[in-house]
file structure39.txt (compact mmCIF, C-alpha atoms)
# COMPACT_ATOMS: atom_id res chain seq x y z
CA PRO A 1 -63.55 94.69 193.14
CA SER A 2 -62.13 91.23 193.65
CA ARG A 3 -59.07 91.11 195.92
CA ARG A 4 -57.37 92.74 198.87
CA SER A 5 -54.37 93.84 196.83
CA SER A 6 -56.38 95.01 193.86
CA ASP A 7 -56.01 98.37 192.31
CA LEU A 8 -58.96 100.73 192.59
CA SER A 9 -61.00 98.24 194.63
CA MET A 10 -58.53 98.56 197.48
CA LEU A 11 -59.35 102.24 197.77
CA LEU A 12 -63.00 101.34 198.24
CA ILE A 13 -62.69 98.55 200.80
CA ARG A 14 -59.72 99.84 202.81
CA PRO A 15 -61.83 101.59 205.47
CA ILE A 16 -63.84 98.41 206.04
CA LEU A 17 -60.76 96.21 206.19
CA CYS A 18 -59.01 98.66 208.46
CA LEU A 19 -61.86 98.52 210.94
CA ALA A 20 -62.05 94.75 210.68
CA PHE A 21 -58.39 94.35 211.47
CA ALA A 22 -58.35 97.05 214.15
CA CYS A 23 -55.65 99.05 212.36
CA VAL A 24 -56.10 102.16 214.44
CA ALA A 25 -56.18 100.29 217.73
CA SER A 26 -53.08 98.28 216.91
CA ALA A 27 -51.15 101.33 215.78
CA SER A 28 -52.17 103.20 218.89
CA SER A 29 -51.05 100.43 221.21
CA LEU A 30 -47.83 99.35 219.51
CA ASN A 31 -46.49 102.12 217.33
CA GLY A 32 -45.29 104.44 220.04
CA GLY A 33 -46.13 107.72 218.36
CA ASN A 34 -47.18 106.89 214.83
CA ALA A 35 -50.82 106.13 215.57
CA ASN A 36 -51.81 109.40 213.90
CA ARG A 37 -50.79 107.93 210.56
CA TRP A 38 -54.17 106.23 210.16
CA TRP A 39 -55.54 109.37 208.60
CA THR A 40 -53.32 108.95 205.53
CA TRP A 41 -55.70 106.26 204.28
CA TRP A 42 -58.62 108.69 204.22
CA TRP A 43 -57.18 111.57 202.21
CA ASN A 44 -55.85 111.59 198.69
CA GLN A 45 -52.25 112.67 199.15
CA PRO A 46 -49.17 112.08 197.00
CA ILE A 47 -47.35 108.93 198.01
CA SER A 48 -44.01 109.44 199.73
CA GLU A 49 -40.79 108.11 198.24
CA ASP A 50 -38.70 109.24 201.21
CA LEU A 51 -36.89 106.46 203.06
CA ASN A 52 -36.88 108.69 206.14
CA ASP A 53 -40.57 107.81 206.37
CA VAL A 54 -39.67 104.17 207.01
CA ASP A 55 -39.70 103.08 210.64
CA LEU A 56 -38.21 99.88 211.99
CA ILE A 57 -39.44 98.47 215.27
CA LEU A 58 -37.36 96.09 217.36
CA TYR A 59 -39.15 93.62 219.63
CA THR A 60 -37.16 91.49 222.06
CA TYR A 61 -38.45 89.31 224.86
CA GLY A 62 -38.88 91.16 228.15
CA ASN A 63 -37.98 94.58 226.73
CA PRO A 64 -40.05 97.53 225.52
CA SER A 65 -40.37 97.81 221.75
CA TRP A 66 -37.91 100.28 220.25
CA MET A 67 -38.29 102.26 217.04
CA PHE A 68 -35.28 103.10 214.91
CA LYS A 69 -34.34 104.38 211.47
CA LEU A 70 -32.27 103.06 208.59
CA ASP A 71 -29.34 105.26 209.63
CA SER A 72 -29.48 104.46 213.36
CA ASN A 73 -26.36 103.46 215.31
CA SER A 74 -25.93 99.70 215.52
CA GLN A 75 -24.93 99.94 219.17
CA ASP A 76 -28.38 101.29 219.91
CA LEU A 77 -29.85 97.94 218.89
CA LEU A 78 -27.75 96.21 221.53
CA ASP A 79 -28.74 98.81 224.10
CA ASN A 80 -32.40 98.05 223.36
CA GLY A 81 -32.26 94.29 223.70
CA PHE A 82 -30.93 92.94 220.41
CA ASP A 83 -28.90 89.75 220.91
CA ALA A 84 -26.83 88.68 217.89
CA SER A 85 -26.67 85.11 219.19
CA LYS A 86 -30.44 84.69 218.89
CA PRO A 87 -32.46 84.22 215.69
CA THR A 88 -33.67 87.36 213.97
CA ARG A 89 -36.99 87.60 212.14
CA ILE A 90 -37.60 90.55 209.81
CA LEU A 91 -41.27 91.14 208.98
CA SER A 92 -42.90 93.25 206.28
CA HIS A 93 -46.53 94.20 205.70
CA GLY A 94 -47.95 94.85 202.25
CA TYR A 95 -49.93 97.40 200.30
CA THR A 96 -51.92 99.91 202.39
CA ASP A 97 -51.14 98.03 205.60
CA ASN A 98 -48.98 99.15 208.53
CA GLY A 99 -46.23 97.60 210.59
CA PRO A 100 -47.69 97.55 214.11
CA ARG A 101 -50.97 95.98 213.01
CA PHE A 102 -49.32 93.41 210.79
CA CYS A 103 -46.53 92.47 213.19
CA SER A 104 -48.49 92.30 216.45
CA ASP A 105 -49.69 88.69 216.09
CA PHE A 106 -46.24 87.57 214.94
CA VAL A 107 -44.60 89.22 217.94
CA GLN A 108 -46.99 87.53 220.36
CA ALA A 109 -46.31 84.17 218.72
CA TYR A 110 -42.55 84.59 218.78
CA GLU A 111 -42.74 85.54 222.47
CA ASN A 112 -44.85 82.56 223.55
CA ASP A 113 -41.89 80.67 225.05
CA PRO A 114 -39.38 82.41 227.37
CA ASN A 115 -36.88 79.63 226.62
CA ASP A 116 -37.05 80.18 222.86
CA THR A 117 -36.74 83.87 222.11
CA PHE A 118 -36.05 86.00 219.04
CA ASN A 119 -35.09 89.41 217.78
CA VAL A 120 -38.08 90.59 215.75
CA ILE A 121 -37.64 93.59 213.46
CA CYS A 122 -40.84 94.97 211.97
CA ILE A 123 -40.53 97.08 208.81
CA ASP A 124 -43.17 99.81 208.96
CA TRP A 125 -43.27 101.38 205.50
CA GLN A 126 -46.92 102.40 205.64
CA ILE A 127 -46.36 105.94 204.34
CA LEU A 128 -44.67 104.48 201.25
CA ALA A 129 -47.26 101.69 200.88
CA LYS A 130 -50.43 103.76 200.82
CA ALA A 131 -52.93 103.72 197.97
CA ASP A 132 -51.45 106.00 195.34
CA GLU A 133 -53.24 105.28 192.05
CA PRO A 134 -55.16 102.47 190.38
CA GLN A 135 -51.98 100.76 189.21
CA PHE A 136 -50.33 101.15 192.66
CA SER A 137 -47.08 101.67 190.78
CA GLY A 138 -45.71 104.06 193.39
CA ALA A 139 -46.17 101.58 196.25
CA ALA A 140 -44.76 98.76 194.13
CA LYS A 141 -41.62 100.72 193.31
CA ASN A 142 -41.34 101.71 196.97
CA ALA A 143 -41.51 98.06 197.99
CA ILE A 144 -38.35 97.42 195.97
CA LYS A 145 -36.70 100.56 197.32
CA VAL A 146 -37.52 99.78 200.95
CA GLY A 147 -36.41 96.16 200.66
CA LYS A 148 -33.07 97.09 199.15
CA ALA A 149 -32.46 99.75 201.80
CA VAL A 150 -33.26 97.39 204.67
CA GLY A 151 -31.13 94.65 203.15
CA GLU A 152 -28.15 96.96 202.80
CA LYS A 153 -28.37 99.19 205.85
CA VAL A 154 -30.00 96.95 208.45
CA VAL A 155 -29.09 93.39 207.50
CA ALA A 156 -25.71 93.68 205.78
CA GLN A 157 -24.37 96.67 207.71
CA MET A 158 -25.96 96.68 211.17
CA LEU A 159 -26.64 93.03 211.85
CA MET A 160 -23.90 91.23 209.96
CA ALA A 161 -20.99 93.69 209.66
CA ASP A 162 -21.36 95.74 212.85
CA LEU A 163 -22.93 93.23 215.24
CA GLY A 164 -21.46 90.07 213.74
CA GLN A 165 -24.66 88.13 213.38
CA ASN A 166 -24.44 84.88 211.46
CA PRO A 167 -26.65 85.16 208.34
CA ASP A 168 -27.87 81.62 209.08
CA LEU A 169 -29.84 83.14 211.99
CA ILE A 170 -31.65 85.71 209.84
CA ARG A 171 -35.00 85.15 208.15
CA ALA A 172 -37.35 87.61 206.46
CA VAL A 173 -41.12 87.11 206.11
CA GLY A 174 -43.42 89.34 204.06
CA HIS A 175 -47.07 89.32 203.04
CA SER A 176 -48.44 90.36 199.65
CA MET A 177 -46.41 93.35 198.46
CA GLY A 178 -44.31 92.78 201.57
CA GLY A 179 -43.19 89.54 199.97
CA GLN A 180 -41.50 91.66 197.33
CA VAL A 181 -39.98 93.78 200.10
CA VAL A 182 -38.34 90.80 201.81
CA GLY A 183 -37.19 89.34 198.52
CA ASN A 184 -35.22 92.53 198.01
CA VAL A 185 -34.01 92.46 201.61
CA GLY A 186 -32.39 89.15 200.74
CA LYS A 187 -31.05 90.39 197.41
CA ALA A 188 -29.42 93.48 198.90
CA ALA A 189 -28.07 91.64 201.95
CA PHE A 190 -26.20 89.32 199.60
CA GLN A 191 -25.07 92.16 197.34
CA PHE A 192 -23.52 94.11 200.20
CA SER A 193 -22.17 91.24 202.32
CA ASN A 194 -21.60 88.42 199.84
CA GLN A 195 -23.54 86.20 202.22
CA LYS A 196 -27.11 84.98 201.86
CA ILE A 197 -29.50 85.09 204.77
CA SER A 198 -31.01 81.79 205.81
CA ARG A 199 -34.51 82.19 204.46
CA VAL A 200 -36.96 84.48 202.72
CA THR A 201 -40.67 83.66 203.01
CA GLY A 202 -43.32 85.16 200.75
CA LEU A 203 -46.91 84.95 201.96
CA ASP A 204 -49.28 85.12 198.98
CA VAL A 205 -46.88 87.45 197.20
CA ALA A 206 -48.36 90.29 195.12
CA GLN A 207 -47.50 89.79 191.47
CA GLN A 208 -49.40 92.35 189.40
CA TYR A 209 -47.17 95.17 188.17
CA PHE A 210 -44.08 93.40 189.56
CA ASP A 211 -44.12 90.68 186.91
CA SER A 212 -44.75 93.20 184.12
CA HIS A 213 -42.71 96.26 185.19
CA LEU A 214 -40.32 95.18 187.96
CA ALA A 215 -39.46 91.66 186.86
CA GLN A 216 -35.75 92.11 187.57
CA ASP A 217 -36.48 92.86 191.22
CA THR A 218 -39.29 90.42 191.90
CA ILE A 219 -38.84 87.74 194.57
CA SER A 220 -36.82 84.76 193.32
CA PRO A 221 -35.23 81.52 194.57
CA ASN A 222 -31.83 83.24 194.68
CA ASP A 223 -32.80 85.76 197.36
CA ALA A 224 -31.75 83.54 200.28
CA GLN A 225 -30.40 80.08 201.03
CA LEU A 226 -34.05 78.98 201.04
CA VAL A 227 -37.01 80.82 199.54
CA ASP A 228 -40.43 79.43 200.42
CA ILE A 229 -43.71 80.74 199.08
CA MET A 230 -47.24 80.25 200.38
CA HIS A 231 -50.10 80.48 197.87
CA THR A 232 -53.57 81.22 199.24
CA ASP A 233 -55.24 83.53 196.71
CA SER A 234 -53.43 82.42 193.58
CA GLY A 235 -54.58 82.29 190.00
CA PRO A 236 -55.05 84.45 186.90
CA MET A 237 -54.67 88.15 187.53
CA ASP A 238 -57.60 88.92 185.23
CA GLN A 239 -59.78 86.89 187.58
CA GLY A 240 -58.83 89.11 190.49
CA LYS A 241 -56.31 86.82 192.14
CA ALA A 242 -53.62 88.42 194.29
CA SER A 243 -50.74 86.06 193.51
CA THR A 244 -49.52 83.78 190.76
CA MET A 245 -50.23 80.06 190.86
CA GLU A 246 -46.81 79.40 189.32
CA PRO A 247 -44.00 78.28 191.65
CA ILE A 248 -41.65 81.19 192.29
CA GLY A 249 -39.51 79.94 195.19
CA THR A 250 -37.31 77.03 196.09
CA VAL A 251 -40.34 75.45 197.76
CA ASP A 252 -43.92 76.53 197.06
CA PHE A 253 -46.77 75.54 199.35
CA TYR A 254 -50.37 75.31 198.15
CA PRO A 255 -52.72 74.87 201.12
CA ASN A 256 -56.13 73.70 199.90
CA GLY A 257 -54.88 73.98 196.33
CA GLY A 258 -53.73 77.57 196.63
CA ASP A 259 -56.89 79.46 195.70
CA MET A 260 -59.75 78.77 198.12
CA MET A 261 -59.00 78.47 201.81
CA ALA A 262 -61.06 76.48 204.29
CA GLY A 263 -63.32 78.90 206.13
CA CYS A 264 -63.38 81.47 203.31
CA GLU A 265 -65.91 79.72 201.06
CA TRP A 266 -68.86 81.69 202.40
CA SER A 267 -67.04 84.90 203.23
CA TRP A 268 -68.62 88.10 201.94
CA TRP A 269 -65.16 88.94 200.63
CA ALA A 270 -63.72 85.52 199.86
CA SER A 271 -60.64 86.75 197.99
CA ALA A 272 -59.57 89.02 200.84
CA CYS A 273 -60.16 86.16 203.26
CA ASN A 274 -58.01 83.84 201.15
CA HIS A 275 -55.28 86.45 200.86
CA MET A 276 -55.10 87.01 204.61
CA LYS A 277 -55.11 83.29 205.45
CA ALA A 278 -51.44 83.14 204.50
CA VAL A 279 -50.67 85.40 207.47
CA ASP A 280 -52.91 83.37 209.78
CA TYR A 281 -51.24 80.13 208.75
CA TYR A 282 -47.76 81.48 209.32
CA VAL A 283 -48.56 82.93 212.74
CA ASP A 284 -50.13 79.59 213.69
CA SER A 285 -46.96 77.84 212.54
CA VAL A 286 -44.87 80.11 214.78
CA ASN A 287 -47.01 79.12 217.75
CA ASN A 288 -46.32 75.47 216.85
CA ARG A 289 -42.75 75.94 215.64
CA ASN A 290 -41.27 73.02 217.58
CA ASP A 291 -43.51 70.48 215.88
CA VAL A 292 -41.98 69.58 212.51
CA ASN A 293 -45.11 67.60 211.63
CA TYR A 294 -47.43 70.55 212.12
CA LEU A 295 -48.93 71.80 208.82
CA ALA A 296 -47.10 68.95 207.08
CA ALA A 297 -47.36 69.21 203.30
CA THR A 298 -46.80 66.56 200.64
CA ARG A 299 -44.69 66.98 197.55
CA CYS A 300 -46.80 66.55 194.44
CA ASP A 301 -47.01 67.82 190.88
CA SER A 302 -50.62 68.99 191.18
CA TYR A 303 -53.47 69.42 193.64
CA GLU A 304 -55.54 66.91 191.67
CA GLU A 305 -52.89 64.23 192.18
CA PHE A 306 -52.58 65.16 195.84
CA GLU A 307 -56.36 64.88 196.29
CA ALA A 308 -56.33 61.50 194.55
CA GLY A 309 -53.75 60.20 197.01
CA THR A 310 -51.16 59.34 194.38
CA CYS A 311 -48.48 61.33 196.21
CA ASP A 312 -49.06 59.96 199.72
CA GLN A 313 -45.64 58.33 199.85
CA MET A 314 -43.79 61.40 198.64
CA GLU A 315 -41.58 63.75 200.67
CA LYS A 316 -43.20 65.76 203.49
CA LEU A 317 -42.23 69.24 204.66
CA PRO A 318 -43.76 71.55 207.29
CA MET A 319 -45.32 74.72 205.92
CA GLY A 320 -44.30 77.74 207.97
CA GLU A 321 -41.80 78.46 210.71
CA ALA A 322 -40.61 74.88 211.31
CA LEU A 323 -39.24 74.58 207.78
CA SER A 324 -35.45 74.72 207.61
CA LEU A 325 -32.81 74.46 204.91
CA ASP A 326 -31.56 71.06 206.06
CA MET A 327 -35.02 69.57 205.39
CA VAL A 328 -34.98 70.50 201.70
CA ASN A 329 -33.48 67.92 199.40
CA GLY A 330 -32.61 69.01 195.89
CA GLN A 331 -33.21 72.15 193.93
CA GLY A 332 -36.50 73.90 193.34
CA PRO A 333 -39.02 74.59 192.24
CA MET A 334 -40.78 72.01 194.38
CA LYS A 335 -44.53 72.07 194.99
CA PHE A 336 -46.16 70.89 198.23
CA TYR A 337 -49.86 70.52 199.06
CA LEU A 338 -51.87 70.17 202.25
CA HIS A 339 -55.32 70.61 203.73
CA THR A 340 -56.00 73.00 206.61
CA ASN A 341 -58.75 73.46 209.15
CA ALA A 342 -61.05 76.46 208.82
CA VAL A 343 -60.02 77.87 212.21
CA PRO A 344 -56.95 77.56 214.43
CA PRO A 345 -55.31 75.22 214.99
CA PHE A 346 -55.02 75.06 211.22
CA GLY A 347 -52.91 71.88 211.09
CA GLN A 348 -54.78 68.64 210.47
call {"tool": "encode", "arguments": {"input": "structure39.txt", "output": "structure tokens"}}
result
Amino acid sequence: PSRRSSDLSMLLIRPILCLAFACVASASSLNGGNANRWWTWWWNQPISEDLNDVDLILYTYGNPSWMFKLDSNSQDLLDNGFDASKPTRILSHGYTDNGPRFCSDFVQAYENDPNDTFNVICIDWQILAKADEPQFSGAAKNAIKVGKAVGEKVVAQMLMADLGQNPDLIRAVGHSMGGQVVGNVGKAAFQFSNQKISRVTGLDVAQQYFDSHLAQDTISPNDAQLVDIMHTDSGPMDQGKASTMEPIGTVDFYPNGGDMMAGCEWSWWASACNHMKAVDYYVDSVNNRNDVNYLAATRCDSYEEFEAGTCDQMEKLPMGEALSLDMVNGQGPMKFYLHTNAVPPFGQ
């Protein structure tokens, strides 16, 4: 096996990764009743296609987390702390992951300043994202299905139509297969509201099966006003890479060249380490969101030219949370490169 999102290999390493990332502990502490779902990773069961198995978790500063469903009453969001005047961040985990574990670090980062608070909505589609077969076709198709449902029912209907939230305040961030989820959140939000959300961010977006079977629904620059992509385990699929090296957004960021992250060189599972660094970088950028020079990247045609210093005078953009639409000049695809530290703080 050669990557975290890989087919059969994921079935073999999932128990180890789950322990390493404290999946059970995080679910137990944050999921409010769904902690028992951990056992679904250990038994070979048919994958669910039922959208009733999708949970959404609302986190707002100073309030208890609140779990709701796709058909919940919009007023209930207000009653549980949602504030339409504040920015909303929609988060999605990827293949064989779960919402509470994935979202916990993001939530802590977004709540690090009582004067700068957010609505955070965590998409927990773990029952539909479990390991189903070597091709993980069921989970891939579910990623599209979940994204479209959240875009229509939560973003277009609840947030924008019912609660009147400005789409400029809404961003969606997804890792791996979750990048395909949030791409479809953006697609469906536009389809059902005729308005694009501000930004869709794909963190080392899973490409296998999507590019060959679900190309029409794969993440694209049209999914939001700004689509930014972070590449950390990118390269040829036949070499076990999780994501494509090709630019697929408006702006594509390639930390350390996009395929070998600082601190992962000597990892026993380097590809998994690279793949997860995208999440670490983004969380770190949330913690430093008011510094537009943090994780600054340089526009360049290639990593070789960036390394040679030939692009030093080119445009700079922050990778991560500080990036905004008004910073982006021109149309994509645009490629940006940077170096990172091996451990936080990752910005150099």
call {"tool": "residues_around", "arguments": {"input": "structure39.txt", "residues": "Leu323 in chain A", "least_positions_apart": "6", "cutoff": "10 Å", "atoms": "all atoms listed in the file", "output": "list in words"}}
result
Arg199, Leu226, Asp228, Ser285, Arg289, Val292, Asn293, Ala296 and Leu317 of chain A
call {"tool": "closest_residue", "arguments": {"input": "structure39.txt", "among": "A:Pro333, A:Gly94, A:Pro64, A:Pro221", "to": "Asn80 in chain A", "atoms": "all atoms listed in the file"}}
result
A:Pro64
call {"tool": "closest_residue", "arguments": {"input": "structure39.txt", "among": "A:Asn98, A:Ser198, A:Ser92, A:Ser176", "to": "Ile229 in chain A", "atoms": "only C-alpha atoms"}}
result
A:Ser176
call {"tool": "atom_distance", "arguments": {"input": "structure39.txt", "atom1": "CA of Tyr337 in chain A", "atom2": "CA of Ser302 in chain A"}}
result
8.1 Å
call {"tool": "closest_residue", "arguments": {"input": "structure39.txt", "among": "A:Ile57, A:Leu51, A:Val251, A:Ala270", "to": "Met327 in chain A", "atoms": "only C-alpha atoms"}}
result
A:Val251
call {"tool": "residues_around", "arguments": {"input": "structure39.txt", "residues": "range 119-134 of chain A", "least_positions_apart": "6", "cutoff": "8 Å", "atoms": "all atoms listed in the file", "output": "PyMOL selection string"}}
result
chain A and resi 7-8+10-11+37+40-41+44-50+53-61+82-83+86-100+103+107+140+142-143+146
call {"tool": "closest_residue", "arguments": {"input": "structure39.txt", "among": "A:Tyr281, A:Gly258, A:Ala297, A:Ser193", "to": "Gln165 in chain A", "atoms": "all atoms listed in the file"}}
result
A:Ser193
call {"tool": "atom_distance", "arguments": {"input": "structure39.txt", "atom1": "CA of Ala188 in chain A", "atom2": "CA of Gln225 in chain A"}}
result
13.6 Å
call {"tool": "closest_residue", "arguments": {"input": "structure39.txt", "among": "A:Ser212, A:Ala322, A:Gln239, A:Gly62", "to": "Glu111 in chain A", "atoms": "only C-alpha atoms"}}
result
A:Gly62
call {"tool": "atom_distance", "arguments": {"input": "structure39.txt", "atom1": "CA of Asn115 in chain A", "atom2": "CA of Leu169 in chain A"}}
result
16.6 Å
call {"tool": "closest_residue", "arguments": {"input": "structure39.txt", "among": "A:Leu325, A:Ala262, A:Cys273, A:Ile219", "to": "Val343 in chain A", "atoms": "all atoms listed in the file"}}
result
A:Ala262
call {"tool": "residues_near_point", "arguments": {"input": "structure39.txt", "point": "(-46.5, 85.8, 203.8)", "cutoff": "12 Å", "atoms": "only C-alpha atoms", "output": "ChimeraX atom specification"}}
result
/A:90-94,102-103,106,172-183,200-206,227-233,243,252-253,274-283,285,319-321
call {"tool": "residues_around", "arguments": {"input": "structure39.txt", "residues": "Gly235 in chain A", "least_positions_apart": "5", "cutoff": "6 Å", "atoms": "all atoms listed in the file", "output": "MDAnalysis selection string"}}
result
chainID A and resid 241 244:245
